[in-house]
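The file entry-v2.pdb comes next; it holds PDB, C-alpha atoms.
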```pdb
ATOM      1  CA  MET A   1      -0.924   5.156   4.041
ATOM      2  CA  GLU A   2      -0.527   5.748   7.745
ATOM      3  CA  LEU A   3       0.782   2.914   9.895
ATOM      4  CA  PRO A   4       0.188   2.554  13.640
ATOM      5  CA  TYR A   5       2.715   4.477  15.718
ATOM      6  CA  CYS A   6       3.707   1.334  17.610
ATOM      7  CA  LEU A   7       5.185   0.039  14.365
ATOM      8  CA  LEU A   8       7.473   3.041  14.164
ATOM      9  CA  LEU A   9       9.041   1.959  17.441
ATOM     10  CA  LEU A  10       9.933  -1.347  15.823
ATOM     11  CA  LEU A  11      12.102   0.249  13.182
ATOM     12  CA  LEU A  12      15.832  -0.296  13.258
ATOM     13  CA  PRO A  13      17.428   2.157  15.710
ATOM     14  CA  THR A  14      20.580   2.836  13.735
ATOM     15  CA  SER A  15      19.400   3.335  10.183
ATOM     16  CA  PHE A  16      16.320   3.674   8.036
ATOM     17  CA  ALA A  17      18.082   2.623   4.848
ATOM     18  CA  PHE A  18      17.513  -1.138   5.100
ATOM     19  CA  ALA A  19      16.074  -2.656   1.907
ATOM     20  CA  PRO A  20      15.421  -6.414   2.067
ATOM     21  CA  THR A  21      15.597  -8.704  -0.919
ATOM     22  CA  ARG A  22      12.538  -9.923  -2.744
ATOM     23  CA  SER A  23      12.364 -13.202  -0.861
ATOM     24  CA  PHE A  24      12.084 -11.276   2.425
ATOM     25  CA  ILE A  25       8.586 -10.028   1.678
ATOM     26  CA  THR A  26       6.815 -13.163   0.540
ATOM     27  CA  ARG A  27       4.029 -14.240   2.861
ATOM     28  CA  ARG A  28       4.852 -11.823   5.643
ATOM     29  CA  ALA A  29       3.521  -8.496   6.796
ATOM     30  CA  THR A  30       5.866  -5.877   5.436
ATOM     31  CA  THR A  31       4.931  -3.504   8.237
ATOM     32  CA  GLU A  32       6.644  -5.748  10.773
ATOM     33  CA  LEU A  33       9.933  -3.887  11.174
ATOM     34  CA  PHE A  34      12.403  -5.166  13.685
ATOM     35  CA  SER A  35      14.715  -3.381  16.130
ATOM     36  CA  ALA A  36      16.536  -3.802  19.381
ATOM     37  CA  GLY A  37      14.290  -1.129  20.928
ATOM     38  CA  GLY A  38      13.661   2.611  20.845
ATOM     39  CA  PRO A  39      12.700   4.952  18.023
ATOM     40  CA  PRO A  40      14.755   4.831  14.814
ATOM     41  CA  LYS A  41      17.469   7.320  14.001
ATOM     42  CA  TYR A  42      17.461   8.693  10.489
ATOM     43  CA  GLU A  43      18.584  11.730   8.531
ATOM     44  CA  LYS A  44      15.700  14.191   8.365
ATOM     45  CA  ILE A  45      14.794  15.973   5.146
ATOM     46  CA  ASP A  46      12.731  19.151   5.176
ATOM     47  CA  GLY A  47       9.630  19.403   3.021
ATOM     48  CA  LEU A  48       6.607  21.589   2.397
ATOM     49  CA  LEU A  49       3.122  20.120   2.580
ATOM     50  CA  ARG A  50       0.045  20.457   0.387
ATOM     51  CA  VAL A  51      -3.075  18.449   1.251
ATOM     52  CA  GLU A  52      -5.572  17.115  -1.305
ATOM     53  CA  THR A  53      -8.868  15.531  -0.261
ATOM     54  CA  VAL A  54      -9.283  12.437  -2.451
ATOM     55  CA  GLY A  55     -12.269  10.694  -0.868
ATOM     56  CA  GLU A  56     -14.480  10.832   2.190
ATOM     57  CA  GLY A  57     -12.065  10.655   5.137
ATOM     58  CA  SER A  58      -8.971  10.278   2.960
ATOM     59  CA  VAL A  59      -6.318  12.758   1.857
ATOM     60  CA  MET A  60      -3.200  12.703  -0.261
ATOM     61  CA  LEU A  61      -0.219  14.436   1.321
ATOM     62  CA  HIS A  62       1.855  16.094  -1.421
ATOM     63  CA  ILE A  63       5.333  16.877  -0.098
ATOM     64  CA  GLU A  64       7.859  18.999  -1.974
ATOM     65  CA  VAL A  65      11.492  18.885  -0.890
ATOM     66  CA  ALA A  66      12.478  22.209   0.635
ATOM     67  CA  GLU A  67      16.213  21.782   0.158
ATOM     68  CA  ASP A  68      18.799  20.539  -2.333
ATOM     69  CA  GLU A  69      18.097  16.847  -1.899
ATOM     70  CA  GLU A  70      17.562  14.169  -4.558
ATOM     71  CA  LEU A  71      15.078  11.542  -3.407
ATOM     72  CA  GLU A  72      15.187   7.842  -4.238
ATOM     73  CA  TYR A  73      11.801   6.509  -3.151
ATOM     74  CA  LEU A  74       9.343   4.220  -4.928
ATOM     75  CA  PRO A  75       5.727   3.189  -4.254
ATOM     76  CA  GLY A  76       5.738   0.775  -1.338
ATOM     77  CA  HIS A  77       8.725   2.207   0.487
ATOM     78  CA  VAL A  78       8.011   3.124   4.109
ATOM     79  CA  LEU A  79       9.411   6.287   5.679
ATOM     80  CA  ALA A  80       9.029   8.305   8.874
ATOM     81  CA  LEU A  81       6.997  11.466   8.379
ATOM     82  CA  GLU A  82       6.920  14.283  10.938
ATOM     83  CA  ILE A  83       4.881  17.422  11.524
ATOM     84  CA  GLU A  84       5.201  19.971  14.319
ATOM     85  CA  ASP A  85       2.576  19.483  17.013
ATOM     86  CA  LYS A  86       2.352  22.896  18.646
ATOM     87  CA  ALA A  87      -0.565  21.831  20.846
ATOM     88  CA  GLY A  88       1.322  18.777  22.078
ATOM     89  CA  GLU A  89      -1.643  16.475  21.509
ATOM     90  CA  SER A  90       0.162  13.547  19.873
ATOM     91  CA  LYS A  91       1.822  11.098  22.221
ATOM     92  CA  GLU A  92       5.072  10.826  20.280
ATOM     93  CA  ALA A  93       5.749  14.599  20.058
ATOM     94  CA  GLY A  94       7.059  14.746  23.609
ATOM     95  CA  ASP A  95       9.921  12.418  22.702
ATOM     96  CA  ASN A  96      10.705  14.118  19.399
ATOM     97  CA  GLU A  97      11.279  17.823  20.146
ATOM     98  CA  GLY A  98       7.590  18.611  19.698
ATOM     99  CA  TRP A  99       7.200  16.906  16.326
ATOM    100  CA  ALA A 100       4.556  14.223  15.806
ATOM    101  CA  ARG A 101       5.780  11.359  13.678
ATOM    102  CA  GLY A 102       4.772   8.008  12.300
ATOM    103  CA  PRO A 103       5.614   5.477   9.578
ATOM    104  CA  TYR A 104       3.844   5.917   6.245
ATOM    105  CA  THR A 105       3.868   4.124   2.911
ATOM    106  CA  VAL A 106       4.896   6.062  -0.192
ATOM    107  CA  SER A 107       2.216   6.250  -2.886
ATOM    108  CA  ARG A 108       4.233   8.150  -5.503
ATOM    109  CA  ALA A 109       7.660   9.746  -5.665
ATOM    110  CA  THR A 110       9.863  11.856  -7.888
ATOM    111  CA  GLU A 111      13.389  13.127  -7.304
ATOM    112  CA  THR A 112      11.968  16.175  -5.512
ATOM    113  CA  SER A 113       8.562  15.150  -4.166
ATOM    114  CA  LEU A 114       6.525  12.495  -2.369
ATOM    115  CA  ASP A 115       2.846  11.575  -2.259
ATOM    116  CA  VAL A 116       1.446   9.727   0.756
ATOM    117  CA  MET A 117      -2.233   8.770   1.022
ATOM    118  CA  ILE A 118      -3.664   8.565   4.549
ATOM    119  CA  LYS A 119      -6.955   7.937   6.297
ATOM    120  CA  VAL A 120      -7.954  10.740   8.676
ATOM    121  CA  VAL A 121      -8.680   8.802  11.858
ATOM    122  CA  GLY A 122      -6.606  10.192  14.755
ATOM    123  CA  LYS A 123      -4.812  13.216  16.174
ATOM    124  CA  ARG A 124      -1.725  12.933  13.998
ATOM    125  CA  SER A 125      -3.608  12.298  10.769
ATOM    126  CA  ASN A 126      -5.945  15.210  11.559
ATOM    127  CA  LEU A 127      -2.896  17.391  12.155
ATOM    128  CA  PHE A 128      -1.620  16.570   8.669
ATOM    129  CA  ALA A 129      -5.032  16.829   7.013
ATOM    130  CA  SER A 130      -5.857  20.262   8.485
ATOM    131  CA  SER A 131      -2.517  21.881   7.653
ATOM    132  CA  PRO A 132      -2.447  24.857   5.263
ATOM    133  CA  VAL A 133      -0.404  24.866   2.075
ATOM    134  CA  GLY A 134       3.299  25.292   2.801
ATOM    135  CA  THR A 135       3.275  23.732   6.267
ATOM    136  CA  PRO A 136       6.789  22.466   7.090
ATOM    137  CA  VAL A 137       7.205  18.718   7.496
ATOM    138  CA  ARG A 138      10.189  16.421   7.936
ATOM    139  CA  PHE A 139      10.760  12.904   6.683
ATOM    140  CA  GLY A 140      13.490  10.337   6.430
ATOM    141  CA  GLY A 141      14.486   6.718   6.350
ATOM    142  CA  LYS A 142      13.628   4.061   3.820
ATOM    143  CA  PHE A 143      12.240   0.626   4.556
ATOM    144  CA  HIS A 144      10.658  -2.220   2.660
ATOM    145  CA  VAL A 145      10.857  -3.539  -0.854
ATOM    146  CA  PRO A 146       8.995  -1.348  -3.378
ATOM    147  CA  ILE A 147       5.866  -3.065  -4.680
ATOM    148  CA  LEU A 148       7.122  -3.650  -8.217
ATOM    149  CA  ASP A 149      10.433  -5.046  -6.996
ATOM    150  CA  GLY A 150       8.514  -7.844  -5.276
ATOM    151  CA  ILE A 151       6.915  -8.979  -8.534
ATOM    152  CA  LYS A 152       8.932 -11.287 -10.790
ATOM    153  CA  LYS A 153       7.485  -9.812 -13.944
ATOM    154  CA  ASP A 154       9.234 -12.215 -16.307
ATOM    155  CA  ASP A 155       7.724 -15.232 -14.564
ATOM    156  CA  VAL A 156       4.048 -14.238 -14.439
ATOM    157  CA  LYS A 157       1.318 -13.249 -16.898
ATOM    158  CA  ARG A 158      -0.799 -11.150 -14.536
ATOM    159  CA  ALA A 159      -0.293  -8.927 -11.489
ATOM    160  CA  LEU A 160      -3.407  -8.687  -9.314
ATOM    161  CA  PHE A 161      -3.656  -5.930  -6.701
ATOM    162  CA  ILE A 162      -6.227  -6.224  -3.909
ATOM    163  CA  SER A 163      -6.470  -3.359  -1.422
ATOM    164  CA  THR A 164      -8.687  -1.867   1.244
ATOM    165  CA  GLY A 165      -9.162   1.831   1.985
ATOM    166  CA  VAL A 166      -6.135   4.024   1.365
ATOM    167  CA  GLY A 167      -4.032   0.933   0.707
ATOM    168  CA  VAL A 168      -4.932   1.697  -2.894
ATOM    169  CA  GLY A 169      -2.522   4.674  -2.822
ATOM    170  CA  PRO A 170       0.747   2.729  -3.189
ATOM    171  CA  CYS A 171      -0.986   0.413  -5.677
ATOM    172  CA  ILE A 172      -1.878   3.341  -7.942
ATOM    173  CA  GLY A 173       1.677   4.654  -7.865
ATOM    174  CA  ALA A 174       3.082   1.209  -8.644
ATOM    175  CA  ILE A 175       0.590   0.675 -11.478
ATOM    176  CA  GLU A 176       1.461   4.041 -13.024
ATOM    177  CA  LEU A 177       5.110   2.982 -13.166
ATOM    178  CA  ALA A 178       4.313  -0.536 -14.407
ATOM    179  CA  LEU A 179       2.260   0.808 -17.304
ATOM    180  CA  LYS A 180       5.369   2.618 -18.538
ATOM    181  CA  ASP A 181       7.191  -0.738 -18.749
ATOM    182  CA  ARG A 182       6.263  -2.607 -21.919
ATOM    183  CA  THR A 183       7.635  -5.840 -20.477
ATOM    184  CA  PHE A 184       5.356  -5.778 -17.427
ATOM    185  CA  PRO A 185       2.457  -8.273 -17.473
ATOM    186  CA  SER A 186      -1.226  -7.327 -17.466
ATOM    187  CA  ILE A 187      -2.477  -5.626 -14.312
ATOM    188  CA  GLU A 188      -5.758  -5.800 -12.409
ATOM    189  CA  LEU A 189      -6.743  -3.665  -9.433
ATOM    190  CA  TYR A 190      -9.627  -4.388  -7.028
ATOM    191  CA  PRO A 191      -9.761  -1.778  -4.251
ATOM    192  CA  SER A 192     -12.383  -2.180  -1.506
ATOM    193  CA  TYR A 193     -14.186   0.718   0.173
ATOM    194  CA  ARG A 194     -17.006   0.729   2.688
ATOM    195  CA  THR A 195     -19.003   3.311   0.725
ATOM    196  CA  LEU A 196     -18.842   4.814  -2.744
ATOM    197  CA  GLU A 197     -18.007   8.199  -1.206
ATOM    198  CA  GLU A 198     -14.814   6.730   0.255
ATOM    199  CA  SER A 199     -13.488   5.617  -3.137
ATOM    200  CA  VAL A 200     -10.531   7.550  -4.536
ATOM    201  CA  TYR A 201      -9.089   8.444  -7.954
ATOM    202  CA  GLY A 202     -11.857   6.701  -9.902
ATOM    203  CA  ASP A 203     -11.616   9.067 -12.867
ATOM    204  CA  HIS A 204      -7.850   8.702 -12.980
ATOM    205  CA  LEU A 205      -8.028   4.901 -12.929
ATOM    206  CA  ASP A 206     -10.705   4.968 -15.631
ATOM    207  CA  SER A 207      -8.398   7.052 -17.805
ATOM    208  CA  LEU A 208      -5.502   4.648 -17.241
ATOM    209  CA  ALA A 209      -7.717   1.716 -18.214
ATOM    210  CA  LYS A 210      -8.948   3.525 -21.325
ATOM    211  CA  ALA A 211      -5.398   4.385 -22.378
ATOM    212  CA  ASN A 212      -4.179   0.819 -21.715
ATOM    213  CA  PRO A 213      -7.108  -1.484 -22.606
ATOM    214  CA  ASP A 214      -4.935  -4.555 -23.121
ATOM    215  CA  LYS A 215      -2.759  -3.928 -20.080
ATOM    216  CA  PHE A 216      -4.901  -2.645 -17.214
ATOM    217  CA  LYS A 217      -8.383  -3.069 -15.803
ATOM    218  CA  TRP A 218      -9.911  -2.249 -12.455
ATOM    219  CA  LYS A 219     -13.160  -2.370 -10.509
ATOM    220  CA  PRO A 220     -13.974  -0.897  -7.083
ATOM    221  CA  ILE A 221     -15.647  -3.117  -4.486
ATOM    222  CA  ILE A 222     -18.200  -1.240  -2.332
ATOM    223  CA  THR A 223     -18.581  -3.537   0.661
ATOM    224  CA  SER A 224     -21.715  -1.845   2.039
ATOM    225  CA  LEU A 225     -23.468  -2.866  -1.181
ATOM    226  CA  SER A 226     -21.879  -6.134  -2.294
ATOM    227  CA  GLY A 227     -20.008  -7.398   0.760
ATOM    228  CA  ARG A 228     -16.323  -8.182   0.935
ATOM    229  CA  ILE A 229     -14.639  -9.489  -2.182
ATOM    230  CA  SER A 230     -13.959 -12.795  -0.406
ATOM    231  CA  SER A 231     -17.492 -13.096   1.008
ATOM    232  CA  SER A 232     -18.567 -15.556  -1.700
ATOM    233  CA  GLU A 233     -17.302 -17.248  -4.822
ATOM    234  CA  GLU A 234     -19.782 -15.131  -6.777
ATOM    235  CA  ALA A 235     -18.159 -11.947  -5.453
ATOM    236  CA  LEU A 236     -14.759 -13.295  -6.419
ATOM    237  CA  GLN A 237     -15.855 -13.613 -10.050
ATOM    238  CA  VAL A 238     -14.786  -9.996 -10.484
ATOM    239  CA  THR A 239     -11.176 -11.206 -10.686
ATOM    240  CA  ASP A 240     -11.790 -13.902 -13.304
ATOM    241  CA  ILE A 241     -10.246 -13.592 -16.756
ATOM    242  CA  SER A 242     -10.176 -15.616 -19.951
ATOM    243  CA  PRO A 243      -8.253 -17.539 -21.103
ATOM    244  CA  LYS A 244      -7.603 -19.226 -17.804
ATOM    245  CA  LEU A 245      -4.135 -18.990 -16.309
ATOM    246  CA  GLY A 246      -2.045 -21.520 -14.459
ATOM    247  CA  ILE A 247      -1.735 -21.425 -10.676
ATOM    248  CA  GLU A 248       1.742 -19.853 -10.955
ATOM    249  CA  ASP A 249       0.866 -17.295 -13.646
ATOM    250  CA  THR A 250      -0.548 -14.610 -11.326
ATOM    251  CA  HIS A 251       1.235 -12.506  -8.725
ATOM    252  CA  TYR A 252      -0.982 -11.283  -5.884
ATOM    253  CA  HIS A 253      -0.223  -8.081  -3.984
ATOM    254  CA  LEU A 254      -2.476  -7.689  -0.936
ATOM    255  CA  ILE A 255      -2.520  -4.484   1.106
ATOM    256  CA  GLY A 256      -4.647  -3.021   3.887
ATOM    257  CA  ASN A 257      -7.005  -4.599   6.418
ATOM    258  CA  ALA A 258      -5.112  -7.421   8.140
ATOM    259  CA  GLN A 259      -8.175  -9.647   8.271
ATOM    260  CA  LEU A 260      -8.742  -9.492   4.513
ATOM    261  CA  VAL A 261      -5.037  -9.852   3.792
ATOM    262  CA  GLY A 262      -4.779 -12.850   6.125
ATOM    263  CA  GLU A 263      -7.774 -14.563   4.578
ATOM    264  CA  TRP A 264      -6.347 -14.164   1.101
ATOM    265  CA  VAL A 265      -2.916 -15.371   2.182
ATOM    266  CA  GLU A 266      -4.384 -18.527   3.719
ATOM    267  CA  GLY A 267      -6.748 -19.063   0.803
ATOM    268  CA  LEU A 268      -4.009 -18.695  -1.790
ATOM    269  CA  LYS A 269      -1.776 -21.035   0.155
ATOM    270  CA  LYS A 270      -4.586 -23.588   0.354
ATOM    271  CA  ALA A 271      -5.136 -23.279  -3.398
ATOM    272  CA  GLY A 272      -1.478 -24.083  -4.048
ATOM    273  CA  VAL A 273      -0.217 -20.634  -5.046
ATOM    274  CA  PRO A 274       3.578 -20.542  -4.454
ATOM    275  CA  ASP A 275       4.914 -18.258  -1.721
ATOM    276  CA  GLU A 276       6.912 -16.173  -4.189
ATOM    277  CA  ARG A 277       3.694 -15.212  -5.982
ATOM    278  CA  VAL A 278       2.298 -13.384  -2.934
ATOM    279  CA  THR A 279       3.419 -10.094  -1.369
ATOM    280  CA  ILE A 280       1.497  -8.371   1.384
ATOM    281  CA  GLU A 281       1.280  -5.332   3.614
ATOM    282  CA  LYS A 282      -0.907  -5.198   6.724
ATOM    283  CA  TYR A 283      -1.837  -1.993   8.539
ATOM    284  CA  PHE A 284      -4.660  -2.513  11.029
ATOM    285  CA  ASN A 285      -7.205  -4.986  12.401
ATOM    286  CA  GLY A 286      -4.419  -7.436  13.147
ATOM    287  CA  LYS A 287      -6.269  -9.120  16.022
ATOM    288  CA  ALA A 288      -9.414  -9.884  14.034
ATOM    289  CA  PRO A 289      -9.938 -13.644  13.547
ATOM    290  CA  LEU A 290      -9.861 -14.955  10.012
ATOM    291  CA  ASP A 291     -13.173 -16.008   8.488
ATOM    292  CA  SER A 292     -12.688 -19.662   7.562
ATOM    293  CA  LYS A 293     -15.487 -19.431   4.992
ATOM    294  CA  ALA A 294     -13.714 -16.527   3.272
ATOM    295  CA  VAL A 295     -10.469 -18.532   3.246
ATOM    296  CA  ASP A 296     -12.292 -21.462   1.634
ATOM    297  CA  ASN A 297     -13.968 -19.153  -0.883
ATOM    298  CA  VAL A 298     -10.617 -17.775  -2.020
ATOM    299  CA  ALA A 299      -9.012 -21.230  -2.152
ATOM    300  CA  SER A 300     -11.878 -22.784  -4.100
ATOM    301  CA  PHE A 301     -12.201 -19.922  -6.560
ATOM    302  CA  VAL A 302      -8.485 -19.608  -7.318
ATOM    303  CA  ALA A 303      -7.987 -23.376  -7.646
ATOM    304  CA  SER A 304     -11.022 -23.820  -9.930
ATOM    305  CA  SER A 305     -10.210 -20.812 -12.142
ATOM    306  CA  CYS A 306      -6.682 -21.969 -12.888
ATOM    307  CA  LYS A 307      -5.952 -24.529 -15.571
TER     308      LYS A 307
END
```

Can you dump the structure from the file as structure tokens?
Amino acid sequence: MELPYCLLLLLLPTSFAFAPTRSFITRRATTELFSAGGPPKYEKIDGLLRVETVGEGSVMLHIEVAEDEELEYLPGHVLALEIEDKAGESKEAGDNEGWARGPYTVSRATETSLDVMIKVVGKRSNLFASSPVGTPVRFGGKFHVPILDGIKKDDVKRALFISTGVGVGPCIGAIELALKDRTFPSIELYPSYRTLEESVYGDHLDSLAKANPDKFKWKPIITSLSGRISSSEEALQVTDISPKLGIEDTHYHLIGNAQLVGEWVEGLKKAGVPDERVTIEKYFNGKAPLDSKAVDNVASFVASSCK
């Protein structure tokens, strides 16, 4: 997922290797990175790019390491990703030797590759999305707690992922890893998209659910048809399960539109969900006011559905 460029300027100027503890990410936007000022300095790793269209307006950036480098990234880590801007159209290229750059969230990773899902909405994202196979890129730095590290798996019975747009990318990568862990609790994923055409990896998620019927289930929310997931208590029924769980038995990971994330955070807090059961990541729409009705819907539904 692509983060606003202004957030890149908030990264620590001396290192990109900071990894906070679990308690650092509860009830706070994990894209809020702090610095004394100026762009971050980090060791740059060369990679080669391949672009896959995964939904209307969304692409997955597949990056293979182009040198002898062993990576240590996990879904939810944030890194700086760069691409040469020969036309000089991106505002940050002038301060970075002609390379456009921005902070992005890792969707998947191996020792030699990275996947990053982005929405194609601006000059930099279009530059990535239109690049031919083998285009050189550079990346570096490592911020934020990986998604699974923020979940105290031994203390909960369910992990519930709620995302908007390409925020589903890191969720999918985290879920793929969690399903390999027999000790991880049951998982539910509810990604929201404006239209059905914007949805991504539906067949893949269906196959994961079929292969893990007692461990994983998911359902896409198409907001142009049914409204936002928090628009009514009826819409929230999609997340209900039986038997009912206690208020502390579910971990909520919320990622994407800041308005939706904020409404869920406030609603969960109002329902009595402990801080350590909520991790979040906000990317855009940060100035949008919270819908008090949506907050109440979340609070009422969660409180009433817990024993």

Expand the PyMOL selection byres ((chain A and resi 196) around 10) into the explicit residue set it covers here, and present it as a PDB file with C-alpha atoms, in the frame of the given file.
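Final file, out26.pdb:
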```pdb
ATOM      1  CA  GLY A  55     -12.269  10.694  -0.868  1.00  0.00           C
ATOM      2  CA  GLU A  56     -14.480  10.832   2.190  1.00  0.00           C
ATOM      3  CA  SER A 192     -12.383  -2.180  -1.506  1.00  0.00           C
ATOM      4  CA  TYR A 193     -14.186   0.718   0.173  1.00  0.00           C
ATOM      5  CA  ARG A 194     -17.006   0.729   2.688  1.00  0.00           C
ATOM      6  CA  THR A 195     -19.003   3.311   0.725  1.00  0.00           C
ATOM      7  CA  GLU A 197     -18.007   8.199  -1.206  1.00  0.00           C
ATOM      8  CA  GLU A 198     -14.814   6.730   0.255  1.00  0.00           C
ATOM      9  CA  SER A 199     -13.488   5.617  -3.137  1.00  0.00           C
ATOM     10  CA  VAL A 200     -10.531   7.550  -4.536  1.00  0.00           C
ATOM     11  CA  PRO A 220     -13.974  -0.897  -7.083  1.00  0.00           C
ATOM     12  CA  ILE A 221     -15.647  -3.117  -4.486  1.00  0.00           C
ATOM     13  CA  ILE A 222     -18.200  -1.240  -2.332  1.00  0.00           C
ATOM     14  CA  THR A 223     -18.581  -3.537   0.661  1.00  0.00           C
ATOM     15  CA  SER A 224     -21.715  -1.845   2.039  1.00  0.00           C
ATOM     16  CA  LEU A 225     -23.468  -2.866  -1.181  1.00  0.00           C
TER      17      LEU A 225
END
```

Open item on the list: Between atom CA of Gly47 of chain A and atom CA of Pro136 of chain A, what is the distance in Å, rounded to a tenth?
Closed with: 5.8 Å

TODO: Choose the residue, out of A:Asp149, A:Glu52, A:Asp68, A:Glu84, that has the smallest atom-to-atom separation from Asp115 of chain A; count all atoms listed in the file.
DONE: A:Glu52

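Across the model, the gap from atom CA of Phe143 of chain A to atom CA of Glu92 of chain A is 20.1 Å.
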
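Distance-wise, atom CA of Leu79 of chain A and atom CA of Lys153 of chain A end up 25.5 Å apart.
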
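Nearest-residue note for Ile172 of chain A: choosing from A:Arg108, A:Lys210, A:Arg228, A:Lys152, the minimum distance belongs to A:Arg108, counting all atoms listed in the file.
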
Determine the residue membership of the PyMOL selection byres ((chain A and resi 265) around 9) for the file above and supply it as a short mmCIF file (atom, residue, chain, number, x, y, z; two decimals) with C-alpha atoms, keeping the file's coordinate frame.
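File part_22.cif, as written:
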```cif
data_model
loop_
_atom_site.label_atom_id
_atom_site.label_comp_id
_atom_site.auth_asym_id
_atom_site.auth_seq_id
_atom_site.Cartn_x
_atom_site.Cartn_y
_atom_site.Cartn_z
CA ARG A 27 4.03 -14.24 2.86
CA LEU A 254 -2.48 -7.69 -0.94
CA LEU A 260 -8.74 -9.49 4.51
CA VAL A 261 -5.04 -9.85 3.79
CA GLY A 262 -4.78 -12.85 6.12
CA GLU A 263 -7.77 -14.56 4.58
CA TRP A 264 -6.35 -14.16 1.10
CA GLU A 266 -4.38 -18.53 3.72
CA GLY A 267 -6.75 -19.06 0.80
CA LEU A 268 -4.01 -18.70 -1.79
CA LYS A 269 -1.78 -21.04 0.16
CA LYS A 270 -4.59 -23.59 0.35
CA VAL A 278 2.30 -13.38 -2.93
CA THR A 279 3.42 -10.09 -1.37
CA ILE A 280 1.50 -8.37 1.38
CA VAL A 295 -10.47 -18.53 3.25
#
```

- [ ] Compile the contact shell of Leu177 of chain A as JSON, numbers by chain: residues with an atom at most 12 Å away, counting all atoms listed in the file, same-chain residues fewer than 2 positions apart removed.
- [x] {"A": [74, 75, 107, 108, 109, 110, 146, 147, 148, 149, 170, 171, 172, 173, 174, 175, 179, 180, 181, 182, 183, 184, 187, 208]}

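When you apply the PyMOL selection byres ((chain A and resi 44) around 12) to this structure, what comes back is Ser15, Phe16, Pro40, Lys41, Tyr42, Glu43, Ile45, Asp46, Gly47, Val65, Ala66, Glu67, Glu69, Leu79, Ala80, Leu81, Glu82, Ile83, Trp99, Arg101, Val137, Arg138, Phe139, Gly140, Gly141 and Lys142 of chain A.
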
Open item on the list: When you look at Leu49 of chain A with a cut-off of 6 Å (counting all atoms listed in the file), what residues show up, excluding the ones that are within fewer than 4 positions of it in the same chain? I need them as JSON, numbers by chain.
Closed with: {"A": [62, 63, 133, 134, 135]}

Using 4 Å of padding on each side, determine the axis-aligned box around all atoms of segment 250-264 of chain A present in the file and give its centre and edge lengths in Å to one decimal, as JSON.
```
{"center_x": -3.8, "center_y": -8.8, "center_z": -1.5, "size_x": 18.0, "size_y": 19.6, "size_z": 27.6}
```

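Comparing A:Leu127, A:Ala178, A:Val120, A:Val78 by their smallest distance to Ala100 of chain A, the closest is A:Leu127 (using only C-alpha atoms).
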
Open item on the list: Between A:Tyr283, A:Tyr104, A:Phe161, A:Tyr73, which residue has the minimum interatomic distance to Gly256 of chain A, considering all atoms listed in the file?
Closed with: A:Tyr283

Open item on the list: Report as an MDAnalysis selection string all protein, DNA and RNA residues lying within 8 Å of Glu248 of chain A, evaluated on all atoms listed in the file, omitting residues in the same chain fewer than 6 positions from it.
Closed with: chainID A and resid 156 273:274 277

Atoms to include: C-alpha atoms. Write the selected residues as an mmCIF file, in the coordinates of the input.
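As a result, part35.cif now contains:
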```cif
data_model
loop_
_atom_site.group_PDB
_atom_site.id
_atom_site.type_symbol
_atom_site.label_atom_id
_atom_site.label_comp_id
_atom_site.auth_asym_id
_atom_site.auth_seq_id
_atom_site.Cartn_x
_atom_site.Cartn_y
_atom_site.Cartn_z
ATOM 1 C CA VAL A 156 4.048 -14.238 -14.439
ATOM 2 C CA VAL A 273 -0.217 -20.634 -5.046
ATOM 3 C CA PRO A 274 3.578 -20.542 -4.454
ATOM 4 C CA ARG A 277 3.694 -15.212 -5.982
#
```

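Minimum atom-to-atom distances from A:Asn96, A:Thr250, A:Asn257, A:Asn285 to Val302 of chain A were compared using all atoms listed in the file, and the lowest value belongs to A:Thr250.
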
TODO: Counting all atoms listed in the file, find the residues whose atoms lie at most 12 Å from (-16.4, -19.8, 5.4) (file coordinates) and write them out as a list in words.
DONE: Ser230, Ser231, Ser232, Glu233, Glu263, Gly267, Leu290, Asp291, Ser292, Lys293, Ala294, Val295, Asp296, Asn297, Val298, Ala299 and Ser300 of chain A
